[in-house]
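Colleague: Sending over a structure as structure tokens; questions will come in a sec.
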Amino acid sequence: PTLQATFYGHTYDNPFMNASGVHCMTMTELDALADSAAGSFVTKSATAEAREGNPEPRYVNVDLGSINSMGLPNLGLDYYLDYAIKRQASHPDQPFVMSVASYQGFDEYVANMRKIQESDYTGLVELNLSCPNVPGKPQMAYDFEDTDRLLTEIFAFYTKPFGVKLPPYFDIMHFDKIAAVLNQFDLKFVNCINSIGNGLYIDEVTDTVVIKPKGGFGGIGGEYVKPTALANVRALKQRLNPSIEIIGTGGILTGRDAYEHLLCGASMLQVGTQLEKEGLGVFERLTKELLAILEAKGYASIAEFKGMLGTLD
Ligand SMILES: CC(C)(C)CCc1c(C(=O)O)[nH]c(=O)[nH]c1=O
């Protein structure tokens, strides 16, 4: 069997990528990712200016996953644009994704996308909608009106292919609402999910939190989040126009977890916490384990079971 994955018109050797934020801050990390067994890769979410991010400890691995409040540390949009333009020229046969964020809210999102529109980068962009909006409002993706307004403003000038990275939703009505907003636009993909926001992990020896920023509150990743990730992949796949592909992110530690994301309709798969814990070798292990599952089930390709989750009705 083959793990070949087609995504926005390109066929990758396998569906695996890093999740933005992990192993993707510098060109050295990015080149190592590109040379790994991963099928593709995505850059750290870029803001207009380089950012130090929050004081450490700001990322901690724990038994069942991870907690982080990095605060968008990154080398700035120009750095990643420069890398992306060079990389698309030197490796035209290896498309990747450039992640874009905003720390100042609405206007910075628009300005960052305008800069990419005017640049020579022609590849995919992942717009991270988990970023803060104006104070007093929730993160962008939890404000449906502002998300609609933002995408409307971007699509007024942006002609290159892009998708959005979404936080998890937990209410069926919210799945309906965000899908209704996104279906208005010619998005190429939706990536579900970002970390589950504002969790709290307590150290059992010291009775204290484990990360310094935000009194210990941080995004949760890893084993903890798989049921929520699978539900968001499935719910968005069921609701979005078929032209909008899904990237499945969250709780992928084994080939079986990857297989379940594909069953829910994901085209590509991103690995964050487990990549942080295991290093680049995680991609060899995951491809081996996923291949073994296809063999055991007699599937020749992912297409034969992608989106084929059974229900009990
Ligand atoms: C949470 C934000 C800092 C607003 C965006 C960047 C980000 C971070 C981060 O840089 O803290 N961590 C995540 O798990 N997901 C993210 O999208």
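Ligands are numbered from 1 in the order shown, residues from 1 within each chain, and chains are lettered A, B, ... in the order they appear in the structure tokens.
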Output as a tab-separated table one row per residue of chain A within 7 Å of ligand 1: the closest atom pair and its distance in Å to one decimal place, counting only C-alpha atoms and all ligand atoms, sorted by chain and residue number ascending.
Modeller:
```
residue	atom	partner	partner_atom_place_in_ligand_line	distance
A:Gly21	CA	ligand 1	10 (O)	6.7
A:Ser45	CA	ligand 1	6 (C)	6.7
A:Asn68	CA	ligand 1	14 (O)	5.9
A:Ser69	CA	ligand 1	11 (O)	4.2
A:Met70	CA	ligand 1	11 (O)	3.5
A:Gly71	CA	ligand 1	11 (O)	3.9
A:Leu72	CA	ligand 1	10 (O)	3.3
A:Pro73	CA	ligand 1	10 (O)	6.0
A:Ala101	CA	ligand 1	5 (C)	6.9
A:Tyr103	CA	ligand 1	4 (C)	6.9
A:Asn128	CA	ligand 1	17 (O)	6.2
A:Ser130	CA	ligand 1	17 (O)	5.3
A:Cys131	CA	ligand 1	4 (C)	3.7
A:Pro132	CA	ligand 1	4 (C)	5.3
A:Asn194	CA	ligand 1	15 (N)	5.7
A:Ser195	CA	ligand 1	14 (O)	4.8
A:Gly219	CA	ligand 1	14 (O)	5.0
```
Colleague: Skip Ile154 in chain A itself and residues of its chain fewer than 4 positions away, then list as a PyMOL selection string all residues within 9 Å of it, counting only C-alpha atoms.
Modeller: chain A and resi 109-110+113-114+149-150+158
Colleague: Keeping only N, CA, C and O atoms, write the selected residues to a file as a PDB file, in the first residue's frame.
Modeller:
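After the write, out.pdb holds the following:
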```pdb
ATOM      1  N   TYR A 109      -3.427  41.300  10.973  1.00  0.00           N
ATOM      2  CA  TYR A 109      -3.725  40.138  10.104  1.00  0.00           C
ATOM      3  C   TYR A 109      -3.778  40.608   8.645  1.00  0.00           C
ATOM      4  O   TYR A 109      -3.161  40.027   7.766  1.00  0.00           O
ATOM      5  N   VAL A 110      -4.516  41.704   8.408  1.00  0.00           N
ATOM      6  CA  VAL A 110      -4.708  42.198   7.044  1.00  0.00           C
ATOM      7  C   VAL A 110      -3.379  42.656   6.454  1.00  0.00           C
ATOM      8  O   VAL A 110      -3.029  42.311   5.317  1.00  0.00           O
ATOM      9  N   MET A 113      -1.135  39.708   5.492  1.00  0.00           N
ATOM     10  CA  MET A 113      -1.590  39.029   4.268  1.00  0.00           C
ATOM     11  C   MET A 113      -1.333  39.906   3.043  1.00  0.00           C
ATOM     12  O   MET A 113      -0.978  39.413   1.968  1.00  0.00           O
ATOM     13  N   ARG A 114      -1.443  41.219   3.220  1.00  0.00           N
ATOM     14  CA  ARG A 114      -1.176  42.111   2.089  1.00  0.00           C
ATOM     15  C   ARG A 114       0.299  42.013   1.682  1.00  0.00           C
ATOM     16  O   ARG A 114       0.624  41.953   0.495  1.00  0.00           O
ATOM     17  N   ARG A 149     -15.709  39.229   8.973  1.00  0.00           N
ATOM     18  CA  ARG A 149     -15.217  40.555   8.517  1.00  0.00           C
ATOM     19  C   ARG A 149     -13.756  40.444   8.060  1.00  0.00           C
ATOM     20  O   ARG A 149     -13.379  40.980   7.009  1.00  0.00           O
ATOM     21  N   LEU A 150     -12.949  39.706   8.826  1.00  0.00           N
ATOM     22  CA  LEU A 150     -11.529  39.560   8.491  1.00  0.00           C
ATOM     23  C   LEU A 150     -11.352  38.842   7.157  1.00  0.00           C
ATOM     24  O   LEU A 150     -10.620  39.306   6.278  1.00  0.00           O
ATOM     25  N   TYR A 158      -6.580  39.387  -1.623  1.00  0.00           N
ATOM     26  CA  TYR A 158      -5.664  38.245  -1.624  1.00  0.00           C
ATOM     27  C   TYR A 158      -6.093  37.223  -2.677  1.00  0.00           C
ATOM     28  O   TYR A 158      -7.227  36.750  -2.674  1.00  0.00           O
TER      29      TYR A 158
END
```
Colleague: Neighbours of Leu280 in chain A within 12 Å (only C-alpha atoms; same-chain residues fewer than 3 positions away dropped), as a list in words?
Modeller: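 With the cut-off at 12 Å, the set is Phe16, Met17, Asn18, Val22, His23, Cys24, Glu29, Leu30, Asp31, Ala32, Leu33, Ala34, Asp35, Ser36, Ala37, Ala38, Gly39, Phe41, Val271, Gly272, Thr273, Gln274, Leu275, Glu276, Lys277, Phe283, Glu284, Arg285 and Leu286 of chain A.
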Colleague: For Ile211 in chain A, which residue out of A:Ser66, A:Thr11, A:Asn232, A:Thr26 is the nearest one, using only C-alpha atoms?
Modeller: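 With only C-alpha atoms as the atom set, the closest residue is A:Ser66.
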Colleague: Find the distance between CA of Lys165 in chain A and CA of Leu127 in chain A and write it in Å to one decimal.
Modeller: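 If I compute the distance from CA of Lys165 in chain A to CA of Leu127 in chain A, I get 5.9 Å.
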Colleague: Run DSSP on the backbone and give me the residues of range 51-224 of chain A it puts in strand (DSSP E or B), as a VMD selection string.
Modeller: chain A and resid 51 59 to 62 65 to 68 74 97 to 100 124 to 128 162 to 166 189 to 192 196 to 200 202 209 217 to 221
Colleague: Neighbours of Gly216 in chain A within 9 Å (only C-alpha atoms; same-chain residues fewer than 3 positions away dropped), as JSON, numbers by chain?
Modeller: {"A": [58, 67, 68, 69, 198, 199, 200, 201, 202, 208, 209, 210, 211, 212, 213]}
Colleague: What does the distance between CA of Thr159 in chain A and CA of Val233 in chain A come to in Å, to one decimal place?
Modeller: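 Distance reported for this atom pair: 25.9 Å.
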Colleague: Would you mind writing down, as number ranges by chain, each residue of range 83-185 of chain A that DSSP on the backbone assigns to alpha helix (DSSP H)?
Modeller: A: 83-90, 106-117, 144-155, 172-182
Colleague: Hey, can you check how far CA of Ile302 in chain A sits from CA of Gly65 in chain A?
Modeller: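 Answer for the CA of Ile302 in chain A to CA of Gly65 in chain A separation: 27.1 Å.
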Colleague: Hey, what's within 10 Å of Val134 in chain A if we count only C-alpha atoms and toss same-chain stuff fewer than 3 positions away? As a list in words, please?
Modeller: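 Final neighbour list, sorted by chain and number: Tyr103, Gln104, Gly105, Phe106, Cys131, Lys137, Pro138, Gln139 and Met140 of chain A.
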Colleague: The selected residues should be written to file as a tab-separated table (two decimals), in the first residue's frame (atoms: N, CA and C atoms).
Modeller:
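The result, written out as result26.tsv:
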```
chain	number	residue	atom	x	y	z
A	103	TYR	N	-0.38	39.75	16.33
A	103	TYR	CA	-0.41	39.98	17.77
A	103	TYR	C	-1.20	41.24	18.12
A	104	GLN	N	-1.37	42.10	17.10
A	104	GLN	CA	-2.08	43.37	17.34
A	104	GLN	C	-3.54	43.26	16.92
A	105	GLY	N	-3.99	42.05	16.52
A	105	GLY	CA	-5.41	41.91	16.18
A	105	GLY	C	-5.69	42.10	14.70
A	106	PHE	N	-6.90	42.53	14.41
A	106	PHE	CA	-7.49	42.57	13.07
A	106	PHE	C	-6.57	43.20	12.03
A	131	CYS	N	-5.43	33.89	17.30
A	131	CYS	CA	-4.72	35.02	17.86
A	131	CYS	C	-5.69	35.98	18.55
A	137	LYS	N	-12.31	41.12	23.85
A	137	LYS	CA	-12.98	40.17	22.96
A	137	LYS	C	-12.24	38.85	23.02
A	138	PRO	N	-12.92	37.73	22.73
A	138	PRO	CA	-12.21	36.43	22.72
A	138	PRO	C	-11.29	36.35	21.49
A	139	GLN	N	-10.53	35.26	21.41
A	139	GLN	CA	-9.65	35.09	20.25
A	139	GLN	C	-10.47	35.17	18.97
A	140	MET	N	-9.84	35.55	17.88
A	140	MET	CA	-10.51	35.84	16.62
A	140	MET	C	-11.53	34.74	16.24
```
Colleague: For Leu253 in chain A, which of A:Thr28, A:Leu64, A:Ala292, A:Val190 is the closest residue, counting only C-alpha atoms?
Modeller: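 Nearest to Leu253 in chain A: A:Leu64.
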Colleague: As a PDB file with C-alpha atoms, in the first residue's frame, please: the residues near range 225-231 of chain A (cut-off 12 Å, only C-alpha atoms, same-chain neighbours under 2 positions excluded).
Modeller:
```pdb
ATOM      1  CA  LEU A  64      -0.516  12.820  28.693  1.00  0.00           C
ATOM      2  CA  GLY A  65       0.480  15.776  26.526  1.00  0.00           C
ATOM      3  CA  SER A  66       1.778  19.326  26.840  1.00  0.00           C
ATOM      4  CA  ILE A  67       0.881  22.790  28.044  1.00  0.00           C
ATOM      5  CA  LEU A 166      -8.935  26.907  14.013  1.00  0.00           C
ATOM      6  CA  PRO A 167      -9.128  26.416  17.774  1.00  0.00           C
ATOM      7  CA  PRO A 168     -11.428  23.610  18.948  1.00  0.00           C
ATOM      8  CA  TYR A 169     -15.178  24.199  19.217  1.00  0.00           C
ATOM      9  CA  PHE A 170     -17.328  22.338  21.744  1.00  0.00           C
ATOM     10  CA  ASP A 171     -20.906  23.169  20.812  1.00  0.00           C
ATOM     11  CA  ILE A 172     -22.744  21.815  17.734  1.00  0.00           C
ATOM     12  CA  PHE A 175     -19.603  23.959  14.382  1.00  0.00           C
ATOM     13  CA  ASN A 191      -6.826  22.956   9.994  1.00  0.00           C
ATOM     14  CA  CYS A 192      -8.534  21.545  13.086  1.00  0.00           C
ATOM     15  CA  ILE A 193      -7.435  21.874  15.881  1.00  0.00           C
ATOM     16  CA  ASN A 194      -5.134  24.274  17.619  1.00  0.00           C
ATOM     17  CA  SER A 195      -4.362  23.520  21.278  1.00  0.00           C
ATOM     18  CA  ILE A 196      -7.306  23.517  23.690  1.00  0.00           C
ATOM     19  CA  GLY A 197      -7.002  26.976  25.198  1.00  0.00           C
ATOM     20  CA  GLY A 199      -5.846  24.611  30.476  1.00  0.00           C
ATOM     21  CA  GLY A 219      -2.895  25.621  25.524  1.00  0.00           C
ATOM     22  CA  ILE A 220      -3.230  21.860  25.960  1.00  0.00           C
ATOM     23  CA  GLY A 221      -1.919  19.400  23.369  1.00  0.00           C
ATOM     24  CA  GLY A 222      -1.221  15.683  23.106  1.00  0.00           C
ATOM     25  CA  GLU A 223      -3.238  12.637  24.201  1.00  0.00           C
ATOM     26  CA  VAL A 233     -12.211  17.304  11.966  1.00  0.00           C
ATOM     27  CA  ARG A 234     -15.394  15.238  11.481  1.00  0.00           C
ATOM     28  CA  ALA A 235     -17.808  18.106  12.157  1.00  0.00           C
ATOM     29  CA  LEU A 236     -16.044  20.548   9.823  1.00  0.00           C
ATOM     30  CA  LYS A 237     -15.656  17.900   7.110  1.00  0.00           C
ATOM     31  CA  GLN A 238     -19.386  17.188   7.291  1.00  0.00           C
ATOM     32  CA  ILE A 246      -9.199  19.389   6.216  1.00  0.00           C
ATOM     33  CA  ILE A 247      -5.859  19.159   7.972  1.00  0.00           C
ATOM     34  CA  GLY A 248      -6.188  17.024  11.099  1.00  0.00           C
ATOM     35  CA  THR A 249      -4.146  18.120  14.112  1.00  0.00           C
ATOM     36  CA  GLY A 250      -4.340  17.023  17.721  1.00  0.00           C
ATOM     37  CA  GLY A 251      -3.558  13.896  19.701  1.00  0.00           C
ATOM     38  CA  ILE A 252      -1.626  12.054  16.989  1.00  0.00           C
ATOM     39  CA  LEU A 253       0.861   9.832  18.837  1.00  0.00           C
ATOM     40  CA  THR A 254       0.468   6.565  16.885  1.00  0.00           C
ATOM     41  CA  ARG A 256      -3.858   4.420  14.852  1.00  0.00           C
ATOM     42  CA  ASP A 257      -4.445   8.060  15.888  1.00  0.00           C
ATOM     43  CA  ALA A 258      -3.428   9.145  12.377  1.00  0.00           C
ATOM     44  CA  TYR A 259      -5.769   6.538  10.872  1.00  0.00           C
ATOM     45  CA  GLU A 260      -8.675   7.876  12.939  1.00  0.00           C
ATOM     46  CA  HIS A 261      -8.086  11.441  11.736  1.00  0.00           C
ATOM     47  CA  LEU A 262      -8.149  10.157   8.155  1.00  0.00           C
ATOM     48  CA  LEU A 263     -11.373   8.234   8.879  1.00  0.00           C
ATOM     49  CA  CYS A 264     -12.864  11.581   9.971  1.00  0.00           C
ATOM     50  CA  GLY A 265     -11.926  13.103   6.618  1.00  0.00           C
ATOM     51  CA  ALA A 266      -8.504  14.706   7.089  1.00  0.00           C
ATOM     52  CA  LEU A 269      -2.036  15.298   9.440  1.00  0.00           C
ATOM     53  CA  GLN A 270      -0.032  17.530  11.770  1.00  0.00           C
ATOM     54  CA  VAL A 271       1.955  16.380  14.779  1.00  0.00           C
ATOM     55  CA  GLY A 272       2.894  18.836  17.528  1.00  0.00           C
ATOM     56  CA  THR A 273       3.386  17.534  21.069  1.00  0.00           C
ATOM     57  CA  GLY A 307     -13.813  10.033   5.548  1.00  0.00           C
ATOM     58  CA  LEU A 309     -16.082   6.727   9.633  1.00  0.00           C
TER      59      LEU A 309
END
```
Colleague: For Tyr79 in chain A, work out the shell of residues within 9 Å, counting only C-alpha atoms and skipping chain neighbours fewer than 2 positions away, then give it as a compact mmCIF listing (two decimals) with C-alpha atoms, in the first residue's frame.
Modeller:
```txt
# COMPACT_ATOMS: atom_id res chain seq x y z
CA THR A 26 14.48 28.83 12.32
CA MET A 27 15.58 27.95 8.79
CA ALA A 46 4.73 34.82 11.90
CA ALA A 50 9.96 39.47 15.38
CA LEU A 75 11.58 35.76 13.83
CA GLY A 76 9.11 38.01 12.03
CA LEU A 77 7.17 37.80 8.77
CA LEU A 81 8.81 35.16 3.66
CA ASP A 82 12.47 35.27 2.67
CA TYR A 83 12.87 31.60 3.61
CA ALA A 84 9.67 30.62 1.78
```
